[in-house]
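Participant: Sharing entry15.txt here; it has compact mmCIF, C-alpha atoms.
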# COMPACT_ATOMS: atom_id res chain seq x y z
CA MET A 18 -217.58 71.92 171.43
CA ILE A 19 -220.26 72.74 174.01
CA THR A 20 -223.24 74.88 173.13
CA ARG A 21 -225.64 76.81 175.33
CA ILE A 22 -228.32 76.99 172.67
CA ARG A 23 -230.80 74.90 174.65
CA GLU A 24 -230.39 77.13 177.71
CA TYR A 25 -230.95 80.35 175.74
CA ARG A 26 -233.77 78.80 173.72
CA THR A 27 -235.72 77.67 176.78
CA ARG A 28 -235.13 81.08 178.36
CA LEU A 29 -237.01 82.59 175.41
CA SER A 30 -239.64 79.78 175.57
CA LEU A 31 -238.88 78.69 172.04
CA THR A 32 -239.24 75.13 170.78
CA GLN A 33 -236.61 73.53 168.55
CA ASP A 34 -239.07 73.68 165.69
CA GLU A 35 -239.73 77.39 166.19
CA LEU A 36 -236.04 78.20 166.36
CA ALA A 37 -235.44 76.11 163.23
CA LYS A 38 -238.13 78.08 161.39
CA ILE A 39 -236.70 81.44 162.51
CA VAL A 40 -233.19 80.47 161.41
CA GLY A 41 -234.37 78.65 158.26
CA VAL A 42 -232.95 75.20 158.95
CA ARG A 43 -234.31 71.74 159.72
CA ARG A 44 -235.24 70.84 163.28
CA GLU A 45 -232.62 68.07 163.18
CA THR A 46 -229.93 70.69 162.60
CA ILE A 47 -230.98 72.48 165.81
CA VAL A 48 -230.92 69.12 167.64
CA PHE A 49 -227.36 68.38 166.45
CA LEU A 50 -226.30 71.96 167.22
CA GLU A 51 -227.60 71.65 170.78
CA GLN A 52 -225.79 68.35 171.21
CA GLY A 53 -222.59 69.96 169.93
CA LYS A 54 -222.35 67.39 167.16
CA TYR A 55 -222.66 69.83 164.29
CA ASN A 56 -220.03 72.45 163.52
CA PRO A 57 -222.03 75.31 161.96
CA SER A 58 -220.89 77.91 159.46
CA LEU A 59 -220.24 81.42 160.74
CA LYS A 60 -223.46 82.54 159.04
CA LEU A 61 -225.59 79.92 160.82
CA ALA A 62 -223.88 80.61 164.16
CA HIS A 63 -224.60 84.31 163.67
CA ASP A 64 -228.25 83.64 162.75
CA VAL A 65 -228.78 81.41 165.78
CA ALA A 66 -227.09 83.93 168.07
CA LYS A 67 -229.25 86.72 166.64
CA ALA A 68 -232.43 84.69 167.08
CA LEU A 69 -231.54 83.95 170.70
CA HIS A 70 -230.44 87.55 171.48
CA ALA A 71 -226.94 86.38 172.35
CA THR A 72 -223.46 86.53 170.91
CA ILE A 73 -221.67 83.66 169.18
CA ASP A 74 -219.14 83.59 172.03
CA GLU A 75 -221.90 83.06 174.56
CA LEU A 76 -223.50 80.21 172.62
CA PHE A 77 -220.52 78.22 171.40
CA ILE A 78 -217.79 77.21 173.81
CA PHE A 79 -214.80 75.37 172.42
CA ASP A 80 -212.69 72.96 174.46
CA ASP A 81 -209.56 75.08 174.18
CA ASP A 82 -211.32 78.31 175.19
CA GLU A 83 -210.41 78.07 178.88
CA GLU A 84 -206.81 77.20 178.04
CA GLY A 85 -206.64 80.21 175.72
CA HIS A 86 -208.02 82.51 178.41
CA GLU A 87 -205.40 81.30 180.88
CA ARG A 88 -202.59 81.85 178.36
CA ARG A 89 -203.83 85.37 177.61
CA GLU A 90 -203.95 86.18 181.32
CA VAL A 91 -200.34 85.01 181.76
CA LEU A 92 -199.23 87.15 178.80
CA VAL A 93 -201.05 90.19 180.17
CA ASP A 94 -199.44 89.70 183.60
CA MET B 11 -239.69 75.88 149.21
CA ARG B 12 -241.79 77.31 146.40
CA MET B 13 -238.62 77.87 144.41
CA ILE B 14 -237.62 74.20 144.72
CA VAL B 15 -241.07 73.15 143.48
CA ARG B 16 -240.89 75.64 140.61
CA ASN B 17 -237.43 74.37 139.64
CA ASN B 18 -238.69 70.77 139.70
CA VAL B 19 -241.61 71.67 137.43
CA LEU B 20 -239.25 73.56 135.13
CA ALA B 21 -236.81 70.62 134.98
CA GLY B 22 -239.72 68.29 134.27
CA GLY B 23 -240.94 70.52 131.44
CA ILE B 24 -237.49 70.69 129.89
CA SER B 25 -237.16 66.91 130.15
CA ILE B 26 -240.52 66.42 128.39
CA ILE B 27 -239.59 68.86 125.61
CA LEU B 28 -236.20 67.19 125.10
CA GLY B 29 -237.86 63.76 125.00
CA MET B 30 -240.34 64.97 122.39
CA ILE B 31 -237.61 66.52 120.26
CA LEU B 32 -235.66 63.24 120.38
CA LEU B 33 -238.83 61.37 119.43
CA LEU B 34 -239.46 63.67 116.47
CA PHE B 35 -236.00 63.08 115.04
CA HIS B 36 -235.69 59.40 116.01
CA GLU B 37 -235.44 58.29 112.35
CA TRP B 38 -232.05 59.95 112.00
CA MET B 39 -230.76 58.74 115.35
CA PRO B 40 -229.54 55.40 116.78
CA ALA B 41 -232.15 52.71 117.54
CA GLY B 42 -232.14 53.06 121.33
CA ILE B 43 -233.13 56.73 121.21
CA VAL B 44 -236.87 55.94 121.40
CA VAL B 45 -236.37 54.27 124.79
CA ILE B 46 -234.33 57.24 126.05
CA SER B 47 -236.94 59.75 124.86
CA ALA B 48 -239.72 57.68 126.50
CA ILE B 49 -237.79 57.67 129.79
CA ALA B 50 -237.19 61.44 129.52
CA ILE B 51 -240.88 62.14 128.91
CA ALA B 52 -242.03 59.83 131.72
CA ALA B 53 -239.51 61.28 134.20
CA GLY B 54 -240.43 64.82 133.19
CA ALA B 55 -244.12 64.11 133.58
CA LEU B 56 -243.49 62.65 137.03
CA PHE B 57 -241.57 65.78 138.10
CA VAL B 58 -244.36 68.04 136.80
CA ILE B 59 -247.12 66.02 138.50
CA ILE B 60 -245.26 65.93 141.84
CA GLY B 61 -244.57 69.69 141.61
CA TRP B 62 -248.21 70.41 140.77
CA LEU B 63 -249.44 68.30 143.70
CA GLN B 64 -246.96 70.00 146.05
CA SER B 65 -248.00 73.48 144.94
CA ARG B 66 -251.66 72.55 145.55
CA GLY B 67 -250.80 71.20 148.99
CA THR B 68 -252.05 67.69 148.17
CA ILE B 69 -248.68 66.22 149.12
CA GLY B 70 -246.04 67.63 151.46
CA MET B 71 -243.48 70.18 150.41
CA PRO B 72 -239.83 69.11 150.29
CA ASP B 73 -237.83 69.60 153.48
CA THR B 74 -235.63 72.62 153.97
CA LEU B 75 -232.26 72.20 152.33
CA ASP B 76 -230.12 73.76 155.00
CA GLU B 77 -226.33 73.95 155.07
CA ARG B 78 -225.96 70.73 157.08
CA VAL B 79 -227.99 68.71 154.58
CA LEU B 80 -226.16 70.25 151.62
CA LYS B 81 -222.79 69.61 153.32
CA ILE B 82 -223.70 65.97 153.97
CA ARG B 83 -224.91 65.52 150.39
CA ALA B 84 -221.79 67.07 148.92
CA HIS B 85 -219.52 64.86 151.05
CA THR B 86 -221.62 61.80 150.32
CA PHE B 87 -221.44 62.29 146.56
CA MET B 88 -217.75 63.15 146.65
CA LYS B 89 -216.83 60.08 148.70
CA ALA B 90 -219.16 57.81 146.69
CA TYR B 91 -217.58 59.09 143.49
CA LEU B 92 -214.04 58.53 144.83
CA PHE B 93 -214.93 55.04 146.01
CA SER B 94 -216.50 54.16 142.65
CA PHE B 95 -213.50 55.59 140.82
CA THR B 96 -211.22 53.37 142.93
CA VAL B 97 -213.38 50.36 142.11
CA LEU B 98 -213.22 51.31 138.42
CA CYS B 99 -209.41 51.55 138.60
CA VAL B 100 -209.21 48.10 140.22
CA LEU B 101 -211.52 46.69 137.56
CA GLY B 102 -209.37 48.32 134.88
CA ILE B 103 -206.17 46.80 136.28
CA VAL B 104 -207.81 43.38 136.59
CA ASN B 105 -209.13 43.66 133.04
CA PHE B 106 -205.90 44.92 131.45
CA SER B 107 -203.82 42.28 133.21
CA GLY B 108 -206.08 39.62 131.73
CA LEU B 109 -207.05 38.14 135.09
CA LEU B 110 -210.73 38.70 134.43
CA VAL B 111 -212.30 39.80 131.17
CA MET B 112 -215.46 41.79 131.72
CA SER B 113 -218.02 43.20 129.33
CA SER B 114 -218.75 46.92 129.39
CA ARG B 115 -222.30 46.08 130.51
CA SER B 116 -221.12 44.30 133.66
CA VAL B 117 -218.70 47.15 134.44
CA ILE B 118 -221.57 49.65 134.17
CA GLU B 119 -223.73 47.44 136.39
CA ILE B 120 -220.98 47.21 139.01
CA LEU B 121 -220.53 50.99 138.88
CA PHE B 122 -224.24 51.64 139.32
CA LEU B 123 -224.31 49.29 142.29
CA THR B 124 -221.13 50.70 143.85
CA MET B 125 -222.20 54.34 143.49
CA GLY B 126 -225.73 53.73 144.71
CA LEU B 127 -224.78 51.56 147.66
CA SER B 128 -221.86 53.69 148.83
CA ALA B 129 -223.96 56.89 148.56
CA PHE B 130 -226.76 55.25 150.56
CA VAL B 131 -224.46 53.95 153.29
CA LEU B 132 -222.49 57.21 153.59
CA SER B 133 -225.64 59.31 153.63
CA TRP B 134 -227.10 57.15 156.41
CA TYR B 135 -223.85 57.33 158.40
CA TYR B 136 -223.43 61.11 158.11
CA ASN B 137 -227.09 61.77 158.92
CA ARG B 138 -226.81 59.62 162.02
CA GLN B 139 -223.60 61.38 163.06
CA GLY B 140 -225.02 64.85 162.37
CA ASP B 141 -221.97 66.21 160.60
CA VAL B 142 -219.31 65.09 158.15
CA SER B 143 -216.35 65.70 160.47
CA GLU B 144 -214.39 62.65 161.57
CA GLU B 145 -214.45 63.65 165.27
Now, as a test, write the supplied structure out as C-alpha cells.
Facilitator:
Amino acid sequence: MITRIREYRTRLSLTQDELAKIVGVRRETIVFLEQGKYNPSLKLAHDVAKALHATIDELFIFDDDEEGHERREVLVD
Amino acid sequence: MRMIVRNNVLAGGISIILGMILLLFHEWMPAGIVVISAIAIAAGALFVIIGWLQSRGTIGMPDTLDERVLKIRAHTFMKAYLFSFTVLCVLGIVNFSGLLVMSSRSVIEILFLTMGLSAFVLSWYYNRQGDVSEE
C-alpha cells in the first residue's frame, strides 16, 4: 500500500504532530501511515482524508489498483 | 485523556475499598488474605496518587490510546496467552507422563515468566513493525 498522506499534509503545511492531534491518534501512527506500514480502519482513513481535504481513494493507493483499473477498462470496451 | 485518569482514580479507589473490606473480615478468611488486602490497598493508593498528579499536571498525561495501539495490545495479549497456554499444555503432558514432577508453585512461576516475556517481546516487535499484519 502506498499513501499520499505526506504530500497532502505538506500541502496544507501541517506537521505530523498537528495532523495526529486533529485525527486523535499518536504521532507514531501518522508516521506508520505515511510509510504505508499501517493498515488503518475505515474510520481512521476517513478521518485522515477529511482532515487533509481529500478522499480515501486519493490518499491510499493499493498495489492491485492499477491492475483493477485495467481490467475494468477491458470489460467496458 | 481526562477520562483515562478518572478511570484510574476510580479503579484505585475501588481497590482500596476492597482491600479494606478484606482486612476488616480477615479473621473469617484464610491466612494469606492480609497480604492480598495490603497489596490491594497499596496498588489502589498508587493508582490514586498517579491519577491525582496527572490531573494536577505534575506528571505527564498518558499517551493517546489510538486504534493502532489498541490493536497491537489486543494481538500481543492474545498471542502471549496462546503461547502460555501451549507451554502449560506441554508442562501438563510432561507432568502427567511422569517425566518431570513439578510443584504448582513452579508451574505458576513458569507461567508468569512465559506470559510476561512473550508479551514484552511481541509488544516490542509489533511496535517496531507498526502493525500486527504479517506482511
Participant: I'd like to know which of B:Val79, B:Thr124, B:Ser133, B:Asn105 is closest to Arg43 (chain A), using only C-alpha atoms.
Facilitator: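 Using only C-alpha atoms, the shortest distance to Arg43 (chain A) belongs to B:Val79.
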Participant: Distance limit 6 Å, atoms considered: only C-alpha atoms. Which chain B residues sit that close to chain A? Return them as a count of residues only.
Facilitator: 4
Participant: What is the distance, in Å and to one decimal place, between CA of Leu69 (chain A) and CA of Arg28 (chain A)?
Facilitator: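 A separation of 8.9 Å between them.
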Participant: Work out how far CA of Arg115 (chain B) is from CA of Ser94 (chain B), in Å to one decimal.
Facilitator: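 About the pair CA of Ser94 (chain B) and CA of Arg115 (chain B): they are 15.7 Å apart.
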Participant: Could you jot down the CA of Ile120 (chain B) to CA of Lys89 (chain B) separation for me, Å, one decimal place?
Facilitator: 16.6 Å
Participant: Find the spatial neighbours of region 41-58 of chain B, counting all atoms listed in the file, within a cut-off of 12 Å - ignore same-chain residues fewer than 2 positions away - and output them as a VMD selection string.
Facilitator: chain B and resid 14 to 39 60 to 65
Participant: Keeping only C-alpha atoms, take the residues you just selected and write them out as a compact mmCIF listing (two decimals), in the frame of the given file.
Facilitator:
# COMPACT_ATOMS: atom_id res chain seq x y z
CA ILE B 14 -237.62 74.20 144.72
CA VAL B 15 -241.07 73.15 143.48
CA ARG B 16 -240.89 75.64 140.61
CA ASN B 17 -237.43 74.37 139.64
CA ASN B 18 -238.69 70.77 139.70
CA VAL B 19 -241.61 71.67 137.43
CA LEU B 20 -239.25 73.56 135.13
CA ALA B 21 -236.81 70.62 134.98
CA GLY B 22 -239.72 68.29 134.27
CA GLY B 23 -240.94 70.52 131.44
CA ILE B 24 -237.49 70.69 129.89
CA SER B 25 -237.16 66.91 130.15
CA ILE B 26 -240.52 66.42 128.39
CA ILE B 27 -239.59 68.86 125.61
CA LEU B 28 -236.20 67.19 125.10
CA GLY B 29 -237.86 63.76 125.00
CA MET B 30 -240.34 64.97 122.39
CA ILE B 31 -237.61 66.52 120.26
CA LEU B 32 -235.66 63.24 120.38
CA LEU B 33 -238.83 61.37 119.43
CA LEU B 34 -239.46 63.67 116.47
CA PHE B 35 -236.00 63.08 115.04
CA HIS B 36 -235.69 59.40 116.01
CA GLU B 37 -235.44 58.29 112.35
CA TRP B 38 -232.05 59.95 112.00
CA MET B 39 -230.76 58.74 115.35
CA ILE B 60 -245.26 65.93 141.84
CA GLY B 61 -244.57 69.69 141.61
CA TRP B 62 -248.21 70.41 140.77
CA LEU B 63 -249.44 68.30 143.70
CA GLN B 64 -246.96 70.00 146.05
CA SER B 65 -248.00 73.48 144.94
Participant: Need to verify the contact set: Val100 (chain B), 12 Å, all atoms listed in the file, exclusion of same-chain residues closer than 6 positions in sequence. Can you return it as a list in words?
Facilitator: Phe93, Ser94, Phe106, Ser107, Leu109, Leu110, Val117, Ile120 and Leu121 of chain B
Participant: With 5 Å of padding per side, what axis-aligned box (centre and edge lengths, Å, one decimal) covers all the listed atoms of region 119-135 of chain B? Give it as AutoDock Vina command-line options.
Facilitator:
--center_x -223.8 --center_y 53.3 --center_z 147.4 --size_x 16.6 --size_y 22.1 --size_z 32.0
Participant: Counting only C-alpha atoms, which residue out of A:Ile19, A:Ile47, A:Val65, A:Leu59 sits closest to Thr32 (chain A)?
Facilitator: A:Ile47
Participant: Name the residues within 9 Å of (-217.6, 66.2, 157.6), counting only C-alpha atoms in the file's coordinates, and put them as a list of chain:residue names.
Facilitator: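 The answer, in the requested form, is A:Asn56, B:Lys81, B:Ile82, B:His85, B:Tyr136, B:Gly140, B:Asp141, B:Val142, B:Ser143, B:Glu144, B:Glu145.
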Participant: Take the residues from that selection and put them in a file with C-alpha atoms, as an mmCIF file, in the frame of the given file.
Facilitator:
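Dumped to out16.cif:
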data_model
loop_
_atom_site.group_PDB
_atom_site.id
_atom_site.type_symbol
_atom_site.label_atom_id
_atom_site.label_comp_id
_atom_site.auth_asym_id
_atom_site.auth_seq_id
_atom_site.Cartn_x
_atom_site.Cartn_y
_atom_site.Cartn_z
ATOM 1 C CA ASN A 56 -220.030 72.450 163.520
ATOM 2 C CA LYS B 81 -222.790 69.610 153.320
ATOM 3 C CA ILE B 82 -223.700 65.970 153.970
ATOM 4 C CA HIS B 85 -219.520 64.860 151.050
ATOM 5 C CA TYR B 136 -223.430 61.110 158.110
ATOM 6 C CA GLY B 140 -225.020 64.850 162.370
ATOM 7 C CA ASP B 141 -221.970 66.210 160.600
ATOM 8 C CA VAL B 142 -219.310 65.090 158.150
ATOM 9 C CA SER B 143 -216.350 65.700 160.470
ATOM 10 C CA GLU B 144 -214.390 62.650 161.570
ATOM 11 C CA GLU B 145 -214.450 63.650 165.270
#
Participant: Just want the 10 Å neighbourhood of Arg21 (chain A), counted on all atoms listed in the file, with same-chain residues fewer than 2 positions away dropped. Output as a PyMOL selection string.
Facilitator: chain A and resi 19+23-26+50-53+74-78
